[in-house]
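See below for protein-v5.txt, which holds compact mmCIF, C-alpha atoms.
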# COMPACT_ATOMS: atom_id res chain seq x y z
CA MET I 174 7.85 29.76 -5.71
CA ASN I 175 11.17 30.45 -3.96
CA ASN I 176 10.42 27.60 -1.61
CA ASP I 177 9.93 25.25 -4.57
CA ILE I 178 13.26 26.38 -6.05
CA GLU I 179 14.97 25.55 -2.76
CA LYS I 180 13.22 22.18 -2.63
CA ASP I 181 14.46 21.39 -6.13
CA SER I 182 18.01 22.16 -5.00
CA TYR I 183 17.65 19.30 -2.49
CA PHE I 184 15.80 16.99 -4.90
CA LEU I 185 18.68 14.57 -5.50
CA ARG I 186 19.50 14.36 -1.78
CA ASN I 187 15.89 13.79 -0.75
CA ALA I 188 15.03 11.40 -3.58
CA THR I 189 18.15 9.34 -2.83
CA SER I 190 17.53 9.27 0.92
CA VAL I 191 13.89 8.18 0.78
CA SER I 192 14.74 5.71 -1.98
CA ILE I 193 17.29 4.05 0.32
CA VAL I 194 14.61 3.81 3.01
CA GLU I 195 12.14 2.26 0.59
CA PHE I 196 14.75 -0.11 -0.84
CA ILE I 197 15.62 -1.51 2.58
CA TRP I 198 11.96 -1.75 3.57
CA GLY I 199 11.11 -3.20 0.17
CA LEU I 200 13.37 -6.19 0.77
CA GLY I 201 11.03 -7.29 3.57
CA LEU I 202 7.65 -6.13 2.28
CA PRO I 203 6.89 -9.29 0.19
CA ILE I 204 6.58 -11.13 3.51
CA LEU I 205 3.87 -8.89 4.96
CA LEU I 206 2.03 -6.72 2.43
CA GLU I 207 -0.11 -8.02 -0.47
CA SER I 208 1.78 -11.22 0.23
CA THR I 209 1.37 -14.54 -1.54
CA PHE I 210 3.89 -15.83 1.03
CA LEU I 211 1.41 -15.21 3.86
CA GLN I 212 -1.38 -16.98 1.97
CA ILE I 213 0.66 -20.15 1.58
CA PHE I 214 2.18 -19.89 5.07
CA LEU I 215 -1.23 -19.62 6.73
CA LYS I 216 -2.67 -22.42 4.57
CA THR I 217 0.10 -24.76 5.72
CA LEU I 218 -0.97 -23.99 9.29
CA GLY I 219 -4.57 -24.98 8.48
CA ALA I 220 -6.08 -21.51 8.04
CA SER I 221 -9.39 -21.17 6.15
CA ASP I 222 -10.10 -18.67 3.36
CA PHE I 223 -11.95 -16.53 5.90
CA ILE I 224 -8.81 -16.41 8.09
CA ILE I 225 -6.71 -15.48 5.06
CA GLY I 226 -9.23 -12.76 4.21
CA LEU I 227 -8.70 -11.27 7.66
CA VAL I 228 -5.10 -10.36 6.76
CA PRO I 229 -5.91 -7.54 4.29
CA CYS I 230 -8.97 -6.66 6.39
CA ILE I 231 -6.84 -6.04 9.48
CA PHE I 232 -4.24 -4.09 7.54
CA ILE I 233 -6.79 -1.86 5.79
CA THR I 234 -8.61 -1.26 9.09
CA GLY I 235 -5.35 -0.30 10.77
CA ILE I 236 -4.31 2.15 8.07
CA SER I 237 -7.84 3.58 7.95
CA THR I 238 -8.45 4.32 11.64
CA PHE I 239 -5.12 5.19 13.24
CA PRO I 240 -4.11 7.95 10.79
CA LEU I 241 -6.65 10.18 12.53
CA LEU I 242 -4.73 9.93 15.78
CA SER I 243 -1.34 10.74 14.25
CA SER I 244 -2.89 13.56 12.20
CA TYR I 245 -4.19 15.11 15.42
CA LEU I 246 -1.01 14.61 17.44
CA THR I 247 1.20 16.15 14.74
CA ARG I 248 -1.15 18.94 13.63
CA ASN I 249 1.05 21.69 15.13
CA ARG I 250 4.43 20.29 14.08
CA ARG I 251 5.81 22.17 11.09
CA LEU I 252 8.78 19.80 10.80
CA LYS I 253 7.78 16.14 10.81
CA LYS I 254 10.93 14.22 9.96
CA GLN I 255 11.61 13.04 13.52
CA VAL I 256 8.02 11.86 13.92
CA VAL I 257 8.31 9.90 10.67
CA ILE I 258 11.50 8.22 11.91
CA ASN I 259 10.05 7.35 15.32
CA LEU I 260 6.88 5.83 13.90
CA HIS I 261 8.81 3.78 11.34
CA ILE I 262 10.94 2.38 14.15
CA LEU I 263 7.80 1.49 16.10
CA SER I 264 6.42 -0.37 13.08
CA SER I 265 9.41 -2.72 12.97
CA PHE I 266 9.13 -4.14 16.47
CA ALA I 267 5.92 -6.15 16.00
CA THR I 268 7.54 -8.14 13.18
CA ILE I 269 10.79 -8.63 15.09
CA LEU I 270 8.97 -9.98 18.14
CA PHE I 271 6.82 -12.35 16.06
CA GLY I 272 9.92 -13.71 14.34
CA ILE I 273 11.55 -14.36 17.72
CA SER I 274 8.41 -16.08 19.04
CA LEU I 275 8.45 -18.59 16.18
CA PHE I 276 11.69 -20.05 17.52
CA PHE I 277 9.77 -21.16 20.63
CA VAL I 278 6.15 -21.73 19.57
CA LYS I 279 5.44 -24.73 17.34
CA THR I 280 1.67 -25.34 17.73
CA PRO I 281 -0.10 -24.15 14.52
CA SER I 282 -3.11 -22.65 16.30
CA TYR I 283 -0.86 -20.66 18.64
CA ILE I 284 1.28 -19.50 15.72
CA ILE I 285 -1.81 -18.23 13.88
CA LEU I 286 -2.96 -16.40 17.03
CA LEU I 287 0.46 -14.82 17.57
CA PHE I 288 0.65 -13.86 13.93
CA PHE I 289 -2.63 -11.97 14.05
CA LEU I 290 -1.70 -10.24 17.30
CA SER I 291 1.56 -9.05 15.77
CA TYR I 292 -0.15 -8.13 12.49
CA ILE I 293 -2.71 -6.02 14.33
CA VAL I 294 0.09 -4.10 16.06
CA PHE I 295 1.98 -3.77 12.78
CA SER I 296 -1.12 -2.47 10.98
CA MET I 297 -1.82 0.03 13.78
CA SER I 298 1.76 1.27 13.58
CA ILE I 299 1.63 1.68 9.80
CA GLY I 300 -1.67 3.49 10.23
CA LEU I 301 0.00 5.95 12.59
CA VAL I 302 2.94 6.61 10.28
CA LEU I 303 1.10 6.72 6.94
CA PRO I 304 -0.42 10.24 6.85
CA VAL I 305 2.63 11.89 8.44
CA TRP I 306 4.97 10.07 6.06
CA LEU I 307 2.91 10.96 2.97
CA ASN I 308 2.60 14.60 4.00
CA PHE I 309 6.34 14.70 4.72
CA LEU I 310 7.09 13.34 1.25
CA VAL I 311 4.86 15.76 -0.67
CA LYS I 312 6.44 18.64 1.28
CA ILE I 313 10.09 17.76 0.61
CA PHE I 314 9.49 17.66 -3.16
CA SER I 315 8.29 20.62 -5.22
CA GLU I 316 4.94 20.23 -6.93
CA LYS I 317 6.65 20.09 -10.33
CA ARG I 318 8.98 17.24 -9.36
CA SER I 319 6.71 15.44 -6.91
CA ILE I 320 5.63 12.62 -9.24
CA ALA I 321 9.25 12.10 -10.36
CA GLY I 322 10.33 11.88 -6.71
CA PHE I 323 7.62 9.37 -5.88
CA GLY I 324 8.42 7.39 -9.01
CA ILE I 325 12.11 7.07 -8.09
CA MET I 326 11.26 6.18 -4.49
CA MET I 327 8.67 3.54 -5.40
CA CYS I 328 10.91 2.14 -8.11
CA ALA I 329 13.54 1.54 -5.44
CA GLN I 330 10.95 -0.17 -3.26
CA SER I 331 9.65 -2.33 -6.11
CA THR I 332 13.17 -3.32 -7.15
CA ALA I 333 13.90 -4.39 -3.59
CA LYS I 334 10.61 -6.31 -3.44
CA LEU I 335 11.65 -8.09 -6.63
CA ILE I 336 14.97 -9.08 -5.04
CA GLY I 337 13.19 -10.09 -1.83
CA SER I 338 10.68 -12.24 -3.72
CA PHE I 339 13.50 -14.15 -5.46
CA ILE I 340 15.11 -14.77 -2.08
CA ILE I 341 11.77 -16.09 -0.80
CA LEU I 342 11.44 -18.32 -3.87
CA LYS I 343 14.86 -19.89 -3.39
CA MET I 344 14.52 -20.23 0.39
CA VAL I 345 11.10 -21.88 0.16
CA GLU I 346 12.32 -24.21 -2.60
CA LYS I 347 15.16 -25.29 -0.35
CA PHE I 348 13.58 -25.34 3.10
CA GLY I 349 9.80 -25.38 2.48
CA PHE I 350 7.34 -23.60 4.77
CA SER I 351 8.81 -24.76 8.06
CA THR I 352 8.25 -22.73 11.21
CA SER I 353 11.98 -22.19 11.71
CA THR I 354 12.37 -20.86 8.15
CA ALA I 355 9.44 -18.52 8.66
CA ALA I 356 11.00 -17.33 11.93
CA TYR I 357 14.10 -16.15 10.09
CA PHE I 358 11.98 -14.50 7.38
CA PHE I 359 9.97 -12.46 9.89
CA LEU I 360 12.94 -11.62 12.10
CA ILE I 361 15.09 -10.42 9.20
CA THR I 362 12.13 -8.45 7.80
CA GLY I 363 11.68 -6.61 11.11
CA LEU I 364 15.40 -5.85 11.34
CA LEU I 365 15.41 -4.47 7.79
CA PHE I 366 12.51 -2.19 8.70
CA LEU I 367 14.40 -0.98 11.76
CA ILE I 368 17.63 -0.26 9.87
CA GLY I 369 15.87 1.44 6.98
CA SER I 370 14.01 3.83 9.28
CA PHE I 371 17.19 5.68 10.20
CA CYS I 372 17.90 6.66 6.58
CA PHE I 373 15.29 9.42 6.84
CA LEU I 374 17.95 11.29 8.82
CA PHE I 375 19.65 12.23 5.54
CA THR I 376 16.63 14.06 4.10
CA LYS I 377 16.31 17.85 4.09
CA GLU I 378 12.96 19.19 5.28
CA LEU I 379 12.17 22.89 4.79
CA VAL I 380 9.77 25.02 6.81
CA GLU I 381 6.90 26.17 4.60
CA ASN I 382 6.54 29.91 3.99
CA GLU I 383 2.88 30.24 4.99
CA ASP I 384 1.87 31.34 8.47
CA LYS I 385 0.51 28.59 10.66
CA HIS I 386 -1.40 29.24 13.85
CA ILE I 387 -1.42 26.85 16.78
CA ASN I 388 -4.35 24.44 16.66
CA SER I 389 -5.63 23.82 20.20
CA GLU I 390 -8.83 22.01 19.24
CA SER I 391 -9.81 18.76 20.92
CA PHE I 392 -9.33 15.47 19.07
CA SER I 393 -13.06 15.06 18.38
CA ARG I 394 -13.44 18.63 17.13
CA HIS I 395 -10.30 18.40 15.02
CA THR I 396 -11.47 15.12 13.49
CA LYS I 397 -15.00 16.38 12.84
CA LYS I 398 -13.69 19.55 11.23
CA THR I 399 -11.35 17.60 8.93
CA ILE I 400 -14.05 15.12 7.91
CA LEU I 401 -16.53 17.91 7.16
CA GLU I 402 -13.94 19.77 5.11
CA ILE I 403 -13.30 16.70 2.97
CA ILE I 404 -16.98 15.87 2.59
CA LYS I 405 -17.52 19.38 1.20
CA ASN I 406 -14.88 18.67 -1.45
CA LYS I 407 -17.20 16.78 -3.80
CA ASN I 408 -14.54 16.34 -6.45
CA PHE I 409 -12.23 14.67 -3.93
CA LEU I 410 -15.05 12.30 -2.92
CA LYS I 411 -15.47 11.31 -6.56
CA TYR I 412 -11.75 10.60 -6.67
CA LEU I 413 -11.97 8.39 -3.57
CA VAL I 414 -14.71 6.27 -5.14
CA GLY I 415 -12.72 6.13 -8.37
CA ASP I 416 -9.73 4.86 -6.38
CA LEU I 417 -11.57 1.90 -4.79
CA ASP I 418 -10.24 -0.49 -7.43
CA ASN I 419 -7.01 -0.33 -5.44
CA TYR I 420 -8.73 -2.38 -2.71
CA VAL I 421 -10.12 -4.82 -5.27
CA VAL I 422 -6.62 -5.45 -6.60
CA ILE I 423 -5.20 -5.85 -3.07
CA THR I 424 -7.95 -8.36 -2.24
CA THR I 425 -7.35 -10.30 -5.45
CA ILE I 426 -3.63 -10.52 -4.71
CA SER I 427 -4.55 -11.80 -1.24
CA PHE I 428 -6.39 -14.86 -2.68
CA TYR I 429 -5.19 -15.80 -6.14
CA ALA I 430 -2.11 -17.74 -5.02
CA VAL I 431 -4.36 -20.27 -3.27
CA TYR I 432 -6.49 -20.46 -6.46
CA ALA I 433 -3.35 -21.23 -8.46
CA THR I 434 -1.79 -23.80 -6.10
CA GLU I 435 -4.91 -25.73 -5.12
CA PHE I 436 -6.57 -26.09 -8.54
CA PHE I 437 -4.03 -25.58 -11.30
CA GLY I 438 -0.88 -27.36 -10.17
CA ILE I 439 1.25 -24.30 -9.49
CA LYS I 440 4.03 -25.00 -7.00
CA ALA I 441 3.79 -23.27 -3.62
CA SER I 442 7.31 -21.88 -4.01
CA THR I 443 6.37 -20.42 -7.41
CA ALA I 444 3.25 -18.74 -6.02
CA ALA I 445 5.09 -17.43 -2.96
CA GLY I 446 8.07 -16.14 -4.93
CA LEU I 447 7.60 -15.87 -8.68
CA PHE I 448 4.14 -14.34 -8.52
CA VAL I 449 5.49 -11.61 -6.27
CA SER I 450 8.46 -11.15 -8.60
CA LEU I 451 6.18 -10.40 -11.55
CA THR I 452 4.04 -8.13 -9.39
CA CYS I 453 7.17 -6.22 -8.42
CA ALA I 454 8.32 -6.10 -12.05
CA GLY I 455 4.98 -4.54 -12.98
CA SER I 456 5.37 -1.96 -10.22
CA ILE I 457 8.89 -1.10 -11.39
CA ALA I 458 7.67 -0.64 -14.97
CA ALA I 459 4.93 1.74 -13.80
CA ASN I 460 7.25 3.63 -11.45
CA LEU I 461 9.77 4.19 -14.22
CA LEU I 462 7.28 4.96 -16.99
CA PHE I 463 5.27 7.44 -14.94
CA GLY I 464 8.08 8.70 -12.72
CA PRO I 465 11.68 9.59 -13.64
CA PHE I 466 11.30 8.53 -17.29
CA ASP I 467 8.14 10.58 -17.81
CA PHE I 468 9.96 13.51 -19.40
CA ILE I 469 7.20 14.07 -21.97
CA ASP I 470 4.38 13.68 -19.44
CA PHE I 471 3.28 10.38 -20.97
CA LEU I 472 -0.45 10.29 -20.30
CA THR I 473 -2.12 12.94 -18.19
CA LEU I 474 -2.60 12.35 -14.48
CA LYS I 475 -6.22 11.41 -15.10
CA LYS I 476 -5.34 8.97 -17.89
CA LYS I 477 -2.78 7.33 -15.65
CA PHE I 478 -5.49 7.00 -13.02
CA ILE I 479 -7.98 5.50 -15.49
CA SER I 480 -5.40 3.09 -16.94
CA THR I 481 -5.28 1.19 -13.63
CA LYS I 482 -8.98 0.23 -13.97
CA ILE I 483 -8.50 -1.10 -17.50
CA LEU I 484 -5.44 -3.15 -16.58
CA SER I 485 -6.95 -4.59 -13.40
CA ILE I 486 -10.05 -5.76 -15.31
CA THR I 487 -7.75 -7.34 -17.91
CA GLY I 488 -5.85 -9.18 -15.17
CA LEU I 489 -9.08 -10.51 -13.67
CA PHE I 490 -10.27 -11.81 -17.05
CA ILE I 491 -6.94 -13.62 -17.43
CA LEU I 492 -7.39 -15.30 -14.03
CA ILE I 493 -10.82 -16.53 -15.11
CA PHE I 494 -10.10 -17.69 -18.65
CA MET I 495 -6.33 -18.35 -18.71
CA PRO I 496 -5.44 -20.08 -15.40
CA THR I 497 -2.03 -21.32 -16.56
CA LEU I 498 1.40 -20.44 -15.23
CA THR I 499 1.80 -17.93 -18.06
CA GLY I 500 -1.61 -16.45 -17.31
CA PHE I 501 -0.89 -16.10 -13.60
CA LEU I 502 2.42 -14.39 -14.33
CA ILE I 503 0.83 -11.94 -16.79
CA ALA I 504 -1.93 -11.16 -14.29
CA SER I 505 0.67 -10.66 -11.57
CA PHE I 506 2.53 -8.19 -13.76
CA LEU I 507 -0.67 -6.27 -14.56
CA PHE I 508 -1.71 -6.09 -10.91
CA GLY I 509 1.78 -4.88 -10.04
CA PHE I 510 1.60 -2.23 -12.76
CA CYS I 511 -1.70 -1.01 -11.31
CA ARG I 512 -0.28 -0.87 -7.80
CA GLY I 513 2.88 0.87 -9.03
CA THR I 514 0.89 3.49 -10.93
CA ARG I 515 -1.34 4.14 -7.94
CA SER I 516 1.59 4.47 -5.53
CA THR I 517 3.27 6.97 -7.87
CA ILE I 518 0.29 9.26 -8.46
CA PHE I 519 -1.74 8.93 -5.23
CA SER I 520 0.01 11.44 -2.98
CA PRO I 521 0.56 14.16 -5.63
CA THR I 522 -3.09 13.75 -6.67
CA VAL I 523 -4.38 14.10 -3.11
CA LYS I 524 -2.26 17.19 -2.61
CA MET I 525 -3.54 18.74 -5.84
CA LEU I 526 -7.22 17.93 -5.24
CA SER I 527 -7.07 19.07 -1.61
CA ASN I 528 -5.66 22.47 -2.63
CA LYS I 529 -3.86 22.63 0.75
CA GLU I 530 -0.22 22.89 1.81
CA ASP I 531 -0.52 20.58 4.82
CA THR I 532 -2.44 17.54 3.61
CA THR I 533 -1.95 15.32 6.67
CA GLY I 534 -5.68 15.57 7.45
CA TYR I 535 -6.62 14.44 3.94
CA PHE I 536 -4.25 11.49 4.10
CA ALA I 537 -5.70 10.58 7.52
CA VAL I 538 -9.42 10.83 6.69
CA ALA I 539 -9.38 9.48 3.12
CA PRO I 540 -8.79 5.84 4.14
CA LEU I 541 -11.40 6.18 6.90
CA LEU I 542 -14.04 7.07 4.33
CA THR I 543 -13.20 3.99 2.25
CA MET I 544 -12.55 1.61 5.17
CA ILE I 545 -15.87 -0.27 5.06
CA PHE I 546 -15.33 -1.21 1.43
CA GLY I 547 -11.59 -1.85 1.77
CA SER I 548 -11.73 -4.02 4.91
CA GLY I 549 -15.12 -5.59 4.21
CA LEU I 550 -14.34 -6.88 0.71
CA PRO I 551 -11.66 -9.44 1.70
CA VAL I 552 -13.81 -10.71 4.61
CA PHE I 553 -16.81 -11.05 2.30
CA TYR I 554 -14.74 -12.92 -0.28
CA GLY I 555 -13.23 -15.18 2.39
CA LEU I 556 -16.65 -16.14 3.75
CA MET I 557 -17.98 -16.63 0.23
CA LEU I 558 -15.12 -18.95 -0.72
CA ASP I 559 -15.61 -21.03 2.45
CA MET I 560 -19.38 -21.29 1.89
CA LEU I 561 -18.98 -22.18 -1.79
CA GLY I 562 -16.14 -24.63 -1.25
CA SER I 563 -17.97 -27.35 -3.18
CA MET I 564 -17.70 -25.20 -6.31
CA GLN I 565 -13.90 -25.42 -6.03
CA GLU I 566 -12.16 -23.22 -8.62
CA ASN I 567 -15.50 -21.83 -9.85
CA ALA I 568 -15.97 -20.13 -6.48
CA TYR I 569 -12.82 -18.13 -7.20
CA ARG I 570 -14.01 -17.39 -10.73
CA LEU I 571 -17.22 -16.02 -9.23
CA MET I 572 -15.13 -13.81 -6.93
CA PHE I 573 -13.10 -12.48 -9.86
CA SER I 574 -16.32 -11.83 -11.82
CA ILE I 575 -17.77 -9.80 -8.96
CA SER I 576 -14.52 -7.83 -8.89
CA ILE I 577 -14.85 -7.02 -12.59
CA PHE I 578 -18.38 -5.74 -11.97
CA LEU I 579 -17.23 -3.57 -9.05
CA ILE I 580 -14.36 -2.03 -11.02
CA SER I 581 -16.74 -1.27 -13.89
CA ILE I 582 -18.79 0.90 -11.50
CA ILE I 583 -15.64 2.46 -10.04
CA PHE I 584 -14.49 3.30 -13.57
CA TYR I 585 -17.38 5.74 -13.99
CA PHE I 586 -16.34 7.79 -10.95
CA ALA I 587 -12.77 7.90 -12.19
CA ILE I 588 -13.99 9.41 -15.45
CA ILE I 589 -16.08 12.17 -13.82
CA THR I 590 -13.31 13.26 -11.42
CA ASP I 591 -11.89 16.69 -12.34
CA PHE I 592 -8.07 16.58 -12.26
CA GLN I 593 -7.61 20.29 -12.89
CA LYS I 594 -5.83 22.10 -10.07
CA GLN I 595 -8.22 24.41 -8.25
CA THR I 596 -7.21 28.01 -7.63
CA ASP I 597 -8.50 30.38 -4.95

Could you quickly redo this structure as structure tokens?
Amino acid sequence: MNNDIEKDSYFLRNATSVSIVEFIWGLGLPILLESTFLQIFLKTLGASDFIIGLVPCIFITGISTFPLLSSYLTRNRRLKKQVVINLHILSSFATILFGISLFFVKTPSYIILLFFLSYIVFSMSIGLVLPVWLNFLVKIFSEKRSIAGFGIMMCAQSTAKLIGSFIILKMVEKFGFSTSTAAYFFLITGLLFLIGSFCFLFTKELVENEDKHINSESFSRHTKKTILEIIKNKNFLKYLVGDLDNYVVITTISFYAVYATEFFGIKASTAAGLFVSLTCAGSIAANLLFGPFDFIDFLTLKKKFISTKILSITGLFILIFMPTLTGFLIASFLFGFCRGTRSTIFSPTVKMLSNKEDTTGYFAVAPLLTMIFGSGLPVFYGLMLDMLGSMQENAYRLMFSISIFLISIIFYFAIITDFQKQTD
């Protein structure tokens, strides 16, 4: 309790510091994550739907496998701020180097190859930083103010993504999808990541009160022990299944810009910029509603969790039956709201359901358990769209219909998950 009181005394400092980090990173994130820009960029280079599907597949695989390694390497570190900074810095270099390479390489096939090499390294780096970063964040905020802290932080990121998406829109309208323009986009994105990483220095991390013995287990034993511990937590497994709609939304965002531009006359610049803007606006709305503005605890944690399934299904129906500019923008907002809600409640929920102080292991193993679904879905959809190319827009409608069916199943597991904090 005393530790939580001390954490609350540093709440403003920590919330401001991590929000600055996320704002600076957020300016560049529309280029690389859940990016309509990448879809259009790769299409202009001649990439197929299968190739485009590899983008979220690689990212999800990276953030699902490499957290185990960082969880193991940091298992005995009580203070993790320096590790978080170092890994964030590492993540920036792949993007910087790819941006530089575009000034010299002009052959489309070579550009695609270099992109995927850099994206693999980027995804591996994010995978290494993710569990340590999430555990660091849930430890610098008290349990009572954790969701508010995450809401403020993610609101800063979403606001920056909104600004970044408008910059992309204007730049693409003016210069198109030229290689030289893309080079500046990727280079500036990497530099923003690098600069933002140093803002973690201003946070205050406290040593937890509980005793912690030195863990000298081998990597395989440590990993096996963590996996078995999570598998025994049946309620947490239900939550993981109930959270799979997150991957469905990510996969949808990875394809629907092509659906809009190729079949319904939406401009490439609009899809690359305005779609992202509405997605970011949705995230901001969720971050504010369920974060710093949630003074009256608007909706319980479980109802917030369930709301994402309802809204994602609504967005998918709009893509099928209302494929107009207005429809695409509404769907973008709804998908952004789902992503914003998930980003706000995910870490506090994992910490609560794990019933542990150090949740690095949970953050590391959770994506591993969902990796096959998360990385396989975009590849499956990409292959399906290539094979059913003669169906044109109806192939995409089939994909969205399958997504609705999947989320309907996921919805059931969300309902049966117990969100009550367990006590010893």

Would you list the contacts of I:Thr238 as number ranges by chain, taking every protein, DNA or RNA residue within 12 Å and counting only C-alpha atoms, but skipping same-chain residues closer than 6 positions in sequence? I: 231-232, 244, 296-304, 396, 536-545, 548

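Nearest to I:Glu390 of all the residues I:Phe437, I:Tyr429, I:Tyr245, I:Phe309 is I:Tyr245, counting all atoms listed in the file.
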
What is the atom CA of I:Leu270-atom CA of I:Glu346 distance in Å, reported with one decimal? 25.4 Å

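Counting all atoms listed in the file, the residue from I:Leu242, I:Phe584, I:Arg512, I:Leu526 that sits nearest to I:Ser393 is I:Leu242.
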
Mind checking which residues fall within 7 Å of I:Phe359, counting only C-alpha atoms, ignoring those fewer than 6 positions away in the same chain, and posting them as a VMD selection string? chain I and resid 268 to 269 271 to 272

Using all atoms listed in the file, determine which residues lie at most 12 Å from I:Thr362, disregarding the query and same-chain residues fewer than 4 positions distant; provide the list as JSON, numbers by chain. {"I": [197, 198, 199, 200, 201, 202, 203, 204, 205, 206, 264, 265, 266, 267, 268, 269, 270, 271, 272, 273, 334, 337, 341, 355, 356, 357, 358, 366, 367, 368, 369]}
